[in-house]
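File shown: input_33.txt. Contents: compact mmCIF, C-alpha atoms and all ligand atoms.
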```txt
# COMPACT_ATOMS: atom_id res chain seq x y z
CA MET A 1 -29.16 -25.58 -26.22
CA ALA A 2 -28.49 -25.35 -22.52
CA ARG A 3 -28.55 -21.83 -21.10
CA ARG A 4 -25.12 -20.85 -19.85
CA ILE A 5 -24.86 -19.36 -16.35
CA PHE A 6 -21.66 -17.74 -15.05
CA SER A 7 -20.83 -16.12 -11.74
CA GLY A 8 -17.87 -15.63 -9.45
CA ILE A 9 -16.89 -14.81 -5.88
CA GLN A 10 -13.59 -13.35 -4.70
CA PRO A 11 -11.57 -15.33 -2.14
CA SER A 12 -10.62 -12.03 -0.53
CA GLY A 13 -12.08 -12.62 2.93
CA GLN A 14 -14.53 -14.85 4.73
CA ILE A 15 -17.80 -15.26 2.86
CA THR A 16 -20.63 -13.27 4.44
CA LEU A 17 -24.33 -13.80 4.83
CA GLY A 18 -24.65 -11.08 2.14
CA ASN A 19 -22.65 -13.13 -0.38
CA TYR A 20 -24.67 -16.19 0.55
CA LEU A 21 -28.17 -14.72 0.45
CA GLY A 22 -27.48 -12.44 -2.53
CA ALA A 23 -25.50 -14.84 -4.69
CA LEU A 24 -24.35 -18.26 -3.50
CA LYS A 25 -27.81 -19.51 -2.50
CA GLN A 26 -29.07 -18.57 -5.96
CA PHE A 27 -26.23 -20.44 -7.63
CA VAL A 28 -27.44 -23.68 -6.11
CA GLN A 29 -31.02 -23.06 -7.20
CA LEU A 30 -29.83 -22.29 -10.72
CA GLN A 31 -28.39 -25.75 -11.22
CA SER A 32 -31.75 -26.93 -12.42
CA ASP A 33 -34.83 -25.07 -13.43
CA PRO A 34 -37.81 -27.33 -12.88
CA GLN A 35 -40.25 -24.55 -13.83
CA SER A 36 -39.14 -24.04 -17.40
CA GLY A 37 -37.66 -27.51 -17.73
CA GLN A 38 -34.85 -25.71 -19.47
CA ASP A 39 -31.36 -27.12 -19.40
CA LEU A 40 -28.90 -24.95 -17.54
CA ASP A 41 -25.12 -25.19 -17.74
CA PRO A 42 -23.64 -23.22 -14.84
CA PHE A 43 -20.00 -22.22 -14.45
CA TYR A 44 -19.02 -20.93 -11.01
CA CYS A 45 -15.63 -19.40 -10.46
CA ILE A 46 -13.34 -18.56 -7.58
CA VAL A 47 -11.96 -15.31 -8.93
CA ASP A 48 -8.52 -15.25 -7.35
CA LEU A 49 -7.08 -12.88 -9.97
CA HIS A 50 -9.67 -10.33 -8.86
CA ALA A 51 -8.67 -10.80 -5.22
CA ILE A 52 -5.08 -9.71 -5.95
CA THR A 53 -6.23 -6.26 -7.08
CA VAL A 54 -5.66 -5.41 -3.42
CA PRO A 55 -2.61 -6.80 -1.58
CA GLN A 56 -3.09 -10.38 -0.29
CA ASP A 57 -0.94 -12.56 1.90
CA PRO A 58 0.00 -15.55 -0.34
CA LYS A 59 -0.49 -18.22 2.33
CA GLN A 60 -3.80 -16.80 3.46
CA LEU A 61 -4.99 -16.47 -0.14
CA SER A 62 -4.30 -20.09 -0.99
CA GLY A 63 -6.18 -21.19 2.13
CA ARG A 64 -9.12 -18.96 1.24
CA ILE A 65 -9.33 -20.38 -2.26
CA LEU A 66 -9.80 -23.87 -0.80
CA ASP A 67 -12.19 -22.55 1.85
CA LEU A 68 -14.35 -20.89 -0.77
CA ALA A 69 -14.34 -23.96 -3.01
CA SER A 70 -15.36 -26.10 -0.04
CA LEU A 71 -18.13 -23.65 0.82
CA TYR A 72 -19.51 -23.79 -2.72
CA LEU A 73 -19.80 -27.57 -2.28
CA ALA A 74 -21.10 -27.30 1.29
CA VAL A 75 -24.05 -25.10 0.31
CA GLY A 76 -25.10 -27.69 -2.25
CA LEU A 77 -23.25 -27.07 -5.46
CA ASP A 78 -23.18 -30.36 -7.35
CA PRO A 79 -20.03 -30.78 -9.45
CA THR A 80 -21.83 -33.17 -11.77
CA ARG A 81 -24.24 -30.37 -12.71
CA SER A 82 -22.05 -27.27 -12.32
CA THR A 83 -18.49 -26.54 -13.36
CA LEU A 84 -16.56 -25.17 -10.38
CA PHE A 85 -13.07 -23.80 -11.04
CA VAL A 86 -10.38 -21.33 -10.05
CA GLN A 87 -9.90 -18.35 -12.36
CA SER A 88 -6.08 -18.44 -12.42
CA ASP A 89 -6.19 -22.09 -13.60
CA VAL A 90 -7.60 -20.87 -16.92
CA SER A 91 -5.12 -18.48 -18.52
CA ALA A 92 -7.62 -17.35 -21.15
CA HIS A 93 -9.12 -15.05 -18.47
CA SER A 94 -5.94 -12.97 -18.26
CA GLU A 95 -5.54 -12.93 -22.02
CA LEU A 96 -9.07 -11.83 -22.82
CA GLY A 97 -8.93 -9.43 -19.86
CA TRP A 98 -6.02 -7.65 -21.53
CA ILE A 99 -7.75 -7.62 -24.92
CA LEU A 100 -10.87 -6.08 -23.39
CA GLN A 101 -8.75 -3.38 -21.75
CA CYS A 102 -7.94 -2.49 -25.32
CA VAL A 103 -11.64 -2.28 -26.18
CA GLY A 104 -12.79 -0.28 -23.13
CA TYR A 105 -12.17 3.41 -22.48
CA MET A 106 -10.59 5.10 -19.47
CA GLY A 107 -13.74 7.20 -19.17
CA GLU A 108 -16.08 4.27 -18.73
CA LEU A 109 -13.79 2.55 -16.22
CA SER A 110 -13.49 5.82 -14.27
CA ARG A 111 -17.25 5.84 -13.78
CA MET A 112 -17.32 2.51 -11.89
CA THR A 113 -18.64 3.21 -8.39
CA GLN A 114 -16.96 0.12 -6.95
CA PHE A 115 -13.54 1.46 -8.01
CA LYS A 116 -14.36 4.85 -6.48
CA GLU A 117 -15.43 3.21 -3.20
CA LYS A 118 -12.49 0.83 -2.98
CA SER A 119 -9.86 3.44 -3.86
CA GLU A 120 -11.26 6.26 -1.75
CA GLY A 121 -8.76 7.63 0.73
CA LYS A 122 -6.07 5.13 -0.32
CA GLU A 123 -2.59 6.40 -1.14
CA SER A 124 -1.40 3.59 -3.36
CA ILE A 125 -3.94 2.04 -5.67
CA LEU A 126 -2.94 -0.91 -7.83
CA THR A 127 -3.55 -0.55 -11.59
CA GLY A 128 -5.46 -3.83 -11.52
CA LEU A 129 -8.11 -2.35 -9.23
CA PHE A 130 -8.87 0.17 -11.97
CA THR A 131 -8.92 -2.31 -14.87
CA TYR A 132 -10.75 -4.98 -12.81
CA PRO A 133 -14.06 -4.62 -14.74
CA ALA A 134 -12.37 -5.60 -18.01
CA LEU A 135 -11.21 -8.86 -16.39
CA MET A 136 -14.70 -9.42 -15.03
CA ALA A 137 -16.11 -8.91 -18.53
CA ALA A 138 -13.61 -11.47 -19.82
CA ASP A 139 -14.75 -13.99 -17.18
CA ILE A 140 -18.31 -13.73 -18.38
CA LEU A 141 -17.79 -13.41 -22.13
CA LEU A 142 -15.35 -16.33 -22.44
CA TYR A 143 -18.18 -18.73 -21.63
CA GLN A 144 -20.76 -17.20 -24.01
CA THR A 145 -22.85 -16.58 -20.93
CA ASP A 146 -26.63 -16.03 -21.10
CA ILE A 147 -27.31 -15.23 -17.42
CA VAL A 148 -25.17 -13.77 -14.62
CA PRO A 149 -26.66 -14.11 -11.12
CA VAL A 150 -25.17 -11.44 -8.81
CA GLY A 151 -25.99 -9.05 -6.01
CA ASP A 152 -26.99 -5.45 -6.75
CA ASP A 153 -23.48 -4.06 -6.37
CA GLN A 154 -22.33 -5.83 -9.55
CA LYS A 155 -25.01 -4.41 -11.87
CA GLN A 156 -22.83 -1.58 -13.13
CA HIS A 157 -20.03 -4.02 -14.00
CA LEU A 158 -22.56 -6.08 -15.93
CA GLU A 159 -23.66 -3.02 -17.91
CA LEU A 160 -20.04 -2.40 -18.85
CA THR A 161 -19.63 -6.07 -19.84
CA ARG A 162 -22.59 -5.75 -22.19
CA ASP A 163 -21.19 -2.53 -23.65
CA LEU A 164 -17.77 -4.10 -24.27
CA ALA A 165 -19.36 -7.17 -25.86
CA GLU A 166 -21.56 -5.08 -28.15
CA ARG A 167 -18.66 -2.84 -29.14
CA PHE A 168 -16.46 -5.84 -29.92
CA ASN A 169 -19.22 -7.52 -31.92
CA SER A 170 -19.91 -4.46 -34.00
CA ARG A 171 -16.23 -3.72 -34.63
CA PHE A 172 -14.99 -7.26 -35.31
CA GLY A 173 -18.10 -9.31 -36.12
CA GLU A 174 -20.51 -11.35 -33.96
CA THR A 175 -18.36 -13.09 -31.35
CA PHE A 176 -19.87 -12.76 -27.89
CA THR A 177 -23.28 -13.62 -26.45
CA ILE A 178 -24.69 -10.53 -24.72
CA PRO A 179 -25.31 -11.59 -21.10
CA GLU A 180 -28.34 -10.73 -18.97
CA VAL A 181 -27.97 -9.80 -15.31
CA MET A 182 -30.11 -11.63 -12.77
CA THR A 183 -30.68 -10.26 -9.26
CA LEU A 184 -33.07 -11.27 -6.51
CA GLU A 185 -36.03 -9.08 -5.65
CA GLN A 186 -35.14 -9.53 -2.01
CA GLY A 187 -31.61 -10.17 -0.78
CA ALA A 188 -29.74 -8.53 -3.64
CA ARG A 189 -28.39 -6.00 -1.15
CA ILE A 190 -27.97 -7.21 2.42
CA MET A 191 -26.81 -4.30 4.55
CA SER A 192 -24.19 -4.02 7.32
CA LEU A 193 -25.31 -4.88 10.84
CA ASP A 194 -23.66 -1.72 12.20
CA ASP A 195 -24.79 0.68 9.48
CA PRO A 196 -27.82 0.00 7.26
CA SER A 197 -26.67 2.56 4.70
CA LYS A 198 -23.67 0.37 3.72
CA LYS A 199 -23.79 -3.07 2.13
CA MET A 200 -22.56 -6.00 4.20
CA SER A 201 -19.02 -6.63 3.00
CA LYS A 202 -16.21 -9.10 3.65
CA SER A 203 -13.70 -6.24 3.44
CA ASN A 204 -15.30 -3.96 6.06
CA PRO A 205 -12.67 -3.43 8.80
CA ASN A 206 -15.33 -3.90 11.47
CA PRO A 207 -16.07 -7.65 11.85
CA GLN A 208 -19.24 -6.79 13.83
CA SER A 209 -20.71 -5.42 10.61
CA ARG A 210 -21.23 -8.86 9.10
CA VAL A 211 -22.13 -12.44 9.84
CA GLU A 212 -19.63 -14.78 8.22
CA LEU A 213 -20.76 -18.17 7.00
CA LEU A 214 -18.19 -19.89 9.21
CA ASP A 215 -18.87 -17.86 12.39
CA THR A 216 -19.54 -19.94 15.51
CA PRO A 217 -23.11 -19.93 16.89
CA ASP A 218 -21.99 -17.66 19.73
CA GLU A 219 -20.37 -15.18 17.38
CA ILE A 220 -23.56 -15.08 15.31
CA ARG A 221 -25.71 -14.51 18.42
CA LYS A 222 -23.42 -11.74 19.64
CA LYS A 223 -23.28 -9.95 16.29
CA ILE A 224 -27.04 -10.05 15.78
CA SER A 225 -27.82 -8.94 19.32
CA ARG A 226 -25.55 -5.92 18.78
CA ALA A 227 -26.95 -5.09 15.34
CA VAL A 228 -28.27 -1.53 15.17
CA THR A 229 -32.03 -1.07 15.09
CA ASP A 230 -34.19 1.97 14.40
CA SER A 231 -35.51 4.42 16.94
CA ASP A 232 -39.03 3.09 17.71
CA ARG A 233 -39.72 -0.48 18.89
CA GLU A 234 -41.81 -1.78 16.02
CA VAL A 235 -40.73 -4.78 13.95
CA ARG A 236 -41.96 -3.43 10.64
CA TYR A 237 -40.65 -3.44 7.06
CA ASP A 238 -40.14 0.13 5.91
CA LEU A 239 -36.99 0.63 3.90
CA ALA A 240 -37.06 4.43 4.04
CA MET A 241 -37.97 4.94 7.71
CA LYS A 242 -36.63 1.73 9.25
CA PRO A 243 -33.68 0.53 7.13
CA ALA A 244 -31.95 -1.42 9.93
CA VAL A 245 -34.99 -3.48 10.98
CA SER A 246 -36.03 -3.94 7.33
CA ASN A 247 -32.60 -5.46 6.64
CA LEU A 248 -32.97 -7.85 9.59
CA LEU A 249 -36.47 -8.80 8.40
CA VAL A 250 -35.13 -9.68 4.96
CA ILE A 251 -32.36 -11.80 6.51
CA TYR A 252 -34.98 -13.53 8.68
CA ALA A 253 -37.29 -14.26 5.76
CA LEU A 254 -34.52 -15.55 3.50
CA THR A 255 -33.02 -17.85 6.11
CA THR A 256 -36.35 -19.38 7.17
CA GLY A 257 -38.04 -19.36 3.75
CA GLU A 258 -40.99 -17.34 5.08
CA SER A 259 -42.29 -14.12 3.56
CA VAL A 260 -41.35 -10.79 5.15
CA ALA A 261 -45.08 -10.14 5.75
CA ASP A 262 -45.44 -13.39 7.74
CA VAL A 263 -42.43 -12.61 9.91
CA GLU A 264 -43.70 -9.06 10.46
CA ALA A 265 -47.12 -10.33 11.51
CA ARG A 266 -45.61 -12.73 14.06
CA TYR A 267 -43.70 -9.95 15.80
CA GLU A 268 -46.50 -7.40 15.83
CA GLY A 269 -46.62 -5.70 19.21
CA LYS A 270 -43.43 -7.43 20.38
CA GLY A 271 -40.16 -5.53 20.83
CA TYR A 272 -36.78 -5.99 19.20
CA GLY A 273 -35.42 -8.32 21.92
CA ASP A 274 -37.39 -11.45 20.99
CA PHE A 275 -37.09 -10.69 17.31
CA LYS A 276 -33.31 -10.47 17.36
CA LYS A 277 -32.92 -13.52 19.58
CA GLU A 278 -35.08 -15.64 17.28
CA LEU A 279 -33.40 -14.25 14.18
CA ALA A 280 -30.02 -15.30 15.58
CA GLU A 281 -31.35 -18.82 16.23
CA ALA A 282 -32.77 -19.02 12.71
CA VAL A 283 -29.40 -18.03 11.20
CA VAL A 284 -27.52 -20.48 13.45
CA ALA A 285 -29.91 -23.31 12.50
CA HIS A 286 -29.58 -22.49 8.80
CA LEU A 287 -25.79 -22.36 8.87
CA GLU A 288 -25.10 -25.36 11.12
CA PRO A 289 -25.55 -28.08 8.47
CA ILE A 290 -23.58 -25.99 5.96
CA GLN A 291 -20.71 -25.66 8.43
CA ALA A 292 -20.73 -29.38 9.21
CA ARG A 293 -20.60 -30.25 5.52
CA PHE A 294 -17.87 -27.62 5.01
CA ARG A 295 -15.62 -29.29 7.58
CA GLU A 296 -16.15 -32.67 5.92
CA VAL A 297 -15.42 -31.42 2.42
CA ARG A 298 -12.42 -29.30 3.45
CA ALA A 299 -10.79 -32.29 5.16
CA SER A 300 -11.57 -34.82 2.43
CA GLY A 301 -9.34 -33.76 -0.47
CA GLU A 302 -12.42 -34.07 -2.69
CA VAL A 303 -12.35 -30.37 -3.41
CA GLN A 304 -8.95 -30.45 -5.16
CA ARG A 305 -10.22 -33.10 -7.55
CA VAL A 306 -13.39 -31.13 -8.28
CA LEU A 307 -11.34 -28.00 -9.05
CA GLN A 308 -8.99 -29.88 -11.34
CA GLU A 309 -11.85 -31.34 -13.36
CA GLY A 310 -13.60 -27.97 -13.39
CA ALA A 311 -10.49 -26.24 -14.73
CA GLN A 312 -10.21 -28.76 -17.55
CA ARG A 313 -13.78 -28.24 -18.67
CA ALA A 314 -13.49 -24.44 -18.34
CA GLN A 315 -10.24 -24.40 -20.33
CA GLY A 316 -11.95 -26.21 -23.22
CA VAL A 317 -14.83 -23.73 -23.47
CA ALA A 318 -12.69 -20.63 -22.87
CA ALA A 319 -10.06 -21.64 -25.45
CA GLN A 320 -12.67 -21.77 -28.22
CA THR A 321 -13.89 -18.24 -27.54
CA LEU A 322 -10.38 -16.86 -27.17
CA ALA A 323 -9.26 -18.40 -30.46
CA GLN A 324 -12.20 -16.76 -32.22
CA VAL A 325 -11.53 -13.40 -30.60
CA LYS A 326 -7.87 -13.43 -31.64
CA GLU A 327 -8.66 -14.46 -35.18
CA ARG A 328 -11.25 -11.69 -35.56
CA MET A 329 -8.67 -9.16 -34.36
CA GLY A 330 -5.96 -10.44 -36.70
CA LEU A 331 -3.84 -11.97 -33.93
CA GLY A 332 -2.00 -15.20 -34.77
CA VAL A 333 -3.54 -15.30 -38.25
CA TYR A 334 -0.10 -14.79 -39.86
CA ARG A 335 0.74 -18.43 -39.08
CA ARG A 336 -1.67 -19.76 -41.64
P1 LIG B 1 -17.83 -10.39 -4.48
O1 LIG B 1 -16.79 -11.43 -4.23
O2 LIG B 1 -17.66 -9.07 -3.82
O3 LIG B 1 -19.24 -10.93 -4.07
C1 LIG B 1 -19.73 -12.19 -4.55
C2 LIG B 1 -21.22 -12.09 -4.84
O4 LIG B 1 -21.92 -11.70 -3.65
C3 LIG B 1 -22.74 -10.56 -3.91
N1 LIG B 1 -22.80 -9.72 -2.72
C4 LIG B 1 -23.92 -9.39 -2.07
N2 LIG B 1 -25.20 -9.68 -2.31
C5 LIG B 1 -26.12 -9.18 -1.45
N3 LIG B 1 -25.82 -8.40 -0.37
C6 LIG B 1 -24.54 -8.08 -0.11
N4 LIG B 1 -24.22 -7.34 0.94
C7 LIG B 1 -23.52 -8.59 -0.97
N5 LIG B 1 -22.16 -8.48 -0.99
C8 LIG B 1 -21.74 -9.17 -2.07
C9 LIG B 1 -22.04 -9.85 -5.07
O5 LIG B 1 -22.91 -9.01 -5.77
C10 LIG B 1 -21.56 -11.02 -5.90
O6 LIG B 1 -22.60 -11.50 -6.72
N6 LIG B 1 -16.73 -8.61 -9.05
C11 LIG B 1 -17.36 -9.69 -8.31
C12 LIG B 1 -16.76 -11.05 -8.61
C13 LIG B 1 -16.72 -11.41 -10.05
C14 LIG B 1 -17.82 -11.82 -10.85
C15 LIG B 1 -17.28 -12.12 -12.13
C16 LIG B 1 -19.20 -11.95 -10.61
C17 LIG B 1 -15.59 -11.47 -10.83
N7 LIG B 1 -15.93 -11.89 -12.07
C18 LIG B 1 -18.09 -12.54 -13.19
C19 LIG B 1 -20.01 -12.38 -11.67
C20 LIG B 1 -19.47 -12.66 -12.91
C21 LIG B 1 -17.21 -9.43 -6.82
O7 LIG B 1 -16.33 -8.71 -6.40
O8 LIG B 1 -18.04 -10.17 -6.03
```

Now that the file is in, can you turn its structure into structure tokens?
Amino acid sequence: MARRIFSGIQPSGQITLGNYLGALKQFVQLQSDPQSGQDLDPFYCIVDLHAITVPQDPKQLSGRILDLASLYLAVGLDPTRSTLFVQSDVSAHSELGWILQCVGYMGELSRMTQFKEKSEGKESILTGLFTYPALMAADILLYQTDIVPVGDDQKQHLELTRDLAERFNSRFGETFTIPEVMTLEQGARIMSLDDPSKKMSKSNPNPQSRVELLDTPDEIRKKISRAVTDSDREVRYDLAMKPAVSNLLVIYALTTGESVADVEARYEGKGYGDFKKELAEAVVAHLEPIQARFREVRASGEVQRVLQEGAQRAQGVAAQTLAQVKERMGLGVYRR
């Protein structure tokens, strides 16, 4: 049987280099696995219901959903090999999300660091931001997922997903596949350009903190030239002593396909100036073809068709799991 892959990205802002290097780039590689020769069946989702856990402007949100779908295709997602769809097109997500809220405990949701970070200092916090991880668990479990490729920041949510699935299985009988998390050794946590102690994020109020996939070449050059560096002048990978330069080295290596050691060796004895300039050019060169393809796809209308077909396939798979879940819990059984 084909191994099921599932992952999602929120259309809550412009996609960053962090999302790309930590997640999106992996999604494309996971469409086929020539090493094991194993069949993979990936489902990739635009998780719009997650995006509304913080207030969104409706017009902007609908544009961002199409932008994100077009970006998935522009980076190389092949709709004949992957199922690409929008979360709110498959109502089973909301239904199972609710059911899993009735399987999870307040205590375990209260421990989620992402909720603590996102709610910190805010006066009005939407209930959905708190229960978000139950919906994320529903996304994954509906598809009987084997592997979930994500960045480091999602690991805790994955642990909770596994706990909810195991609890459900032991209470109501074997229903869900227990998913495995998959993160990259390098790139699972790309840091902010202005502060290497924070992850690069699409919701950071400072746009200088991130490179966005659709930034112009000049914006990219400016942002990278202003990126903070560490106190000495050595281009050296040392996460503890030189977190800012180490982050830039990882970005360099992942965009050019070289190893960090090779990049380090090339800049030995040279200062930060050349390094940053060449890093900016490497990022620009990597993103240019993606941006060109994005513009083509976004203008073509192709993306709407892909999403419609994706939703149909997703609905079929999700409906089967949901029907089983309800039956096991005694919901709807009275009709028979
Ligand atoms: P989101 O939209 O914040 O991010 C999408 C993906 O990008 C990864 N990522 C990063 N990786 C490396 N460095 C960074 N700085 C960085 N920032 C983000 C994230 O880890 C993620 O893989 N809750 C999820 C969306 C979601 C989901 C799911 C994911 C909803 N349901 C089911 C997997 C499976 C989120 O907010 O991702």

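As for atom CA of Trp98 of chain A and atom CA of Gly128 of chain A, they are spaced 10.7 Å apart.
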
What are the closest atom pairs, with distances in Å to one decimal, for each residue of chain A lying within 6 Å of ligand LIG 1 (chain B), using all atoms listed in the file, rows by chain and rising residue number, as a Markdown table?
```
| residue | atom | partner | partner_atom | distance |
| --- | --- | --- | --- | --- |
| A:Phe6 | CA | B:LIG1 | C20 | 5.9 |
| A:Ser7 | CA | B:LIG1 | C19 | 3.8 |
| A:Gly8 | CA | B:LIG1 | C14 | 4.1 |
| A:Ile9 | CA | B:LIG1 | O1 | 3.8 |
| A:Gln10 | CA | B:LIG1 | O1 | 3.8 |
| A:Gly18 | CA | B:LIG1 | C6 | 3.8 |
| A:Asn19 | CA | B:LIG1 | O4 | 3.6 |
| A:Gly22 | CA | B:LIG1 | N2 | 3.6 |
| A:Ala23 | CA | B:LIG1 | O6 | 4.9 |
| A:Val47 | CA | B:LIG1 | C17 | 5.6 |
| A:Met136 | CA | B:LIG1 | N7 | 4.0 |
| A:Asp139 | CA | B:LIG1 | C18 | 5.4 |
| A:Ile140 | CA | B:LIG1 | C18 | 5.3 |
| A:Val150 | CA | B:LIG1 | O6 | 3.3 |
| A:Gly151 | CA | B:LIG1 | O5 | 3.1 |
| A:Asp152 | CA | B:LIG1 | O5 | 5.5 |
| A:Asp153 | CA | B:LIG1 | O5 | 5.0 |
| A:Gln154 | CA | B:LIG1 | O5 | 5.0 |
| A:Gly187 | CA | B:LIG1 | C5 | 5.6 |
| A:Ala188 | CA | B:LIG1 | C5 | 4.3 |
| A:Arg189 | CA | B:LIG1 | N3 | 3.6 |
| A:Ile190 | CA | B:LIG1 | N3 | 3.7 |
| A:Met191 | CA | B:LIG1 | N4 | 5.4 |
| A:Lys199 | CA | B:LIG1 | N4 | 4.5 |
| A:Met200 | CA | B:LIG1 | N4 | 3.9 |
| A:Ser201 | CA | B:LIG1 | N5 | 5.4 |
```

Taking (-35.3, -8.6, 14.5) as a centre in this file's frame and 7 Å as the limit, can you find every polymer residue with an atom that close, using all atoms listed in the file, and give them as a PyMOL selection string?
chain A and resi 235+245+248-249+272+275-276+279

Kindly export the residues of the current selection with C-alpha atoms, as a PDB file, in the coordinates of the input.
```
ATOM      1  CA  VAL A 235     -40.730  -4.780  13.950  1.00  0.00           C
ATOM      2  CA  VAL A 245     -34.990  -3.480  10.980  1.00  0.00           C
ATOM      3  CA  LEU A 248     -32.970  -7.850   9.590  1.00  0.00           C
ATOM      4  CA  LEU A 249     -36.470  -8.800   8.400  1.00  0.00           C
ATOM      5  CA  TYR A 272     -36.780  -5.990  19.200  1.00  0.00           C
ATOM      6  CA  PHE A 275     -37.090 -10.690  17.310  1.00  0.00           C
ATOM      7  CA  LYS A 276     -33.310 -10.470  17.360  1.00  0.00           C
ATOM      8  CA  LEU A 279     -33.400 -14.250  14.180  1.00  0.00           C
TER       9      LEU A 279
END
```

Edge lengths and centre in Å to one decimal, as JSON, of the axis-aligned box that encloses all listed atoms of segment 221-230 of chain A with 6 Å added on every side?
```
{"center_x": -28.7, "center_y": -6.3, "center_z": 17.0, "size_x": 22.9, "size_y": 28.5, "size_z": 17.2}
```

Can you work out the spacing between atom CA of Lys222 of chain A and atom CA of Val283 of chain A in Å, to one decimal?
12.1 Å

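Interatomic distance, atom CA of Leu254 of chain A against atom CA of Gln186 of chain A: 8.2 Å.
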
Please provide as a PyMOL selection string all residues within 12 Å of Asp67 of chain A, with the sequence filter that same-chain residues fewer than 5 positions apart are discarded (counting only C-alpha atoms).
chain A and resi 9-15+46+60-62+72-74+213-214+291+293-299+301+303-304

Among the residues A:Val325, A:Val28, A:Val284, A:Val54, the one that comes closest to Leu71 of chain A [using all atoms listed in the file]:
A:Val28

Show which residues sit within 12 Å of Ile5 of chain A, as a PDB file with C-alpha atoms, in the frame of the given file. Count all atoms listed in the file, and ignore same-chain residues fewer than 3 positions away.
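Result file is part_8.pdb:
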```pdb
ATOM      1  CA  ALA A   2     -28.490 -25.350 -22.520  1.00  0.00           C
ATOM      2  CA  GLY A   8     -17.870 -15.630  -9.450  1.00  0.00           C
ATOM      3  CA  GLN A  26     -29.070 -18.570  -5.960  1.00  0.00           C
ATOM      4  CA  PHE A  27     -26.230 -20.440  -7.630  1.00  0.00           C
ATOM      5  CA  VAL A  28     -27.440 -23.680  -6.110  1.00  0.00           C
ATOM      6  CA  GLN A  29     -31.020 -23.060  -7.200  1.00  0.00           C
ATOM      7  CA  LEU A  30     -29.830 -22.290 -10.720  1.00  0.00           C
ATOM      8  CA  GLN A  31     -28.390 -25.750 -11.220  1.00  0.00           C
ATOM      9  CA  SER A  32     -31.750 -26.930 -12.420  1.00  0.00           C
ATOM     10  CA  ASP A  33     -34.830 -25.070 -13.430  1.00  0.00           C
ATOM     11  CA  ASP A  39     -31.360 -27.120 -19.400  1.00  0.00           C
ATOM     12  CA  LEU A  40     -28.900 -24.950 -17.540  1.00  0.00           C
ATOM     13  CA  ASP A  41     -25.120 -25.190 -17.740  1.00  0.00           C
ATOM     14  CA  PRO A  42     -23.640 -23.220 -14.840  1.00  0.00           C
ATOM     15  CA  PHE A  43     -20.000 -22.220 -14.450  1.00  0.00           C
ATOM     16  CA  TYR A  44     -19.020 -20.930 -11.010  1.00  0.00           C
ATOM     17  CA  CYS A  45     -15.630 -19.400 -10.460  1.00  0.00           C
ATOM     18  CA  ARG A  81     -24.240 -30.370 -12.710  1.00  0.00           C
ATOM     19  CA  SER A  82     -22.050 -27.270 -12.320  1.00  0.00           C
ATOM     20  CA  THR A  83     -18.490 -26.540 -13.360  1.00  0.00           C
ATOM     21  CA  LEU A  84     -16.560 -25.170 -10.380  1.00  0.00           C
ATOM     22  CA  ASP A 139     -14.750 -13.990 -17.180  1.00  0.00           C
ATOM     23  CA  ILE A 140     -18.310 -13.730 -18.380  1.00  0.00           C
ATOM     24  CA  LEU A 141     -17.790 -13.410 -22.130  1.00  0.00           C
ATOM     25  CA  LEU A 142     -15.350 -16.330 -22.440  1.00  0.00           C
ATOM     26  CA  TYR A 143     -18.180 -18.730 -21.630  1.00  0.00           C
ATOM     27  CA  GLN A 144     -20.760 -17.200 -24.010  1.00  0.00           C
ATOM     28  CA  THR A 145     -22.850 -16.580 -20.930  1.00  0.00           C
ATOM     29  CA  ASP A 146     -26.630 -16.030 -21.100  1.00  0.00           C
ATOM     30  CA  ILE A 147     -27.310 -15.230 -17.420  1.00  0.00           C
ATOM     31  CA  VAL A 148     -25.170 -13.770 -14.620  1.00  0.00           C
ATOM     32  CA  PRO A 149     -26.660 -14.110 -11.120  1.00  0.00           C
ATOM     33  CA  VAL A 150     -25.170 -11.440  -8.810  1.00  0.00           C
ATOM     34  CA  THR A 177     -23.280 -13.620 -26.450  1.00  0.00           C
ATOM     35  CA  PRO A 179     -25.310 -11.590 -21.100  1.00  0.00           C
ATOM     36  CA  GLU A 180     -28.340 -10.730 -18.970  1.00  0.00           C
ATOM     37  CA  VAL A 181     -27.970  -9.800 -15.310  1.00  0.00           C
ATOM     38  CA  MET A 182     -30.110 -11.630 -12.770  1.00  0.00           C
TER      39      MET A 182
END
```

Dig up all the protein and nucleic acid residues within 9 Å of (-2.6, -27.5, -16.9) in the file frame, using all atoms listed in the file, and format them as a VMD selection string.
chain A and resid 89 to 90 308 311 to 312 315
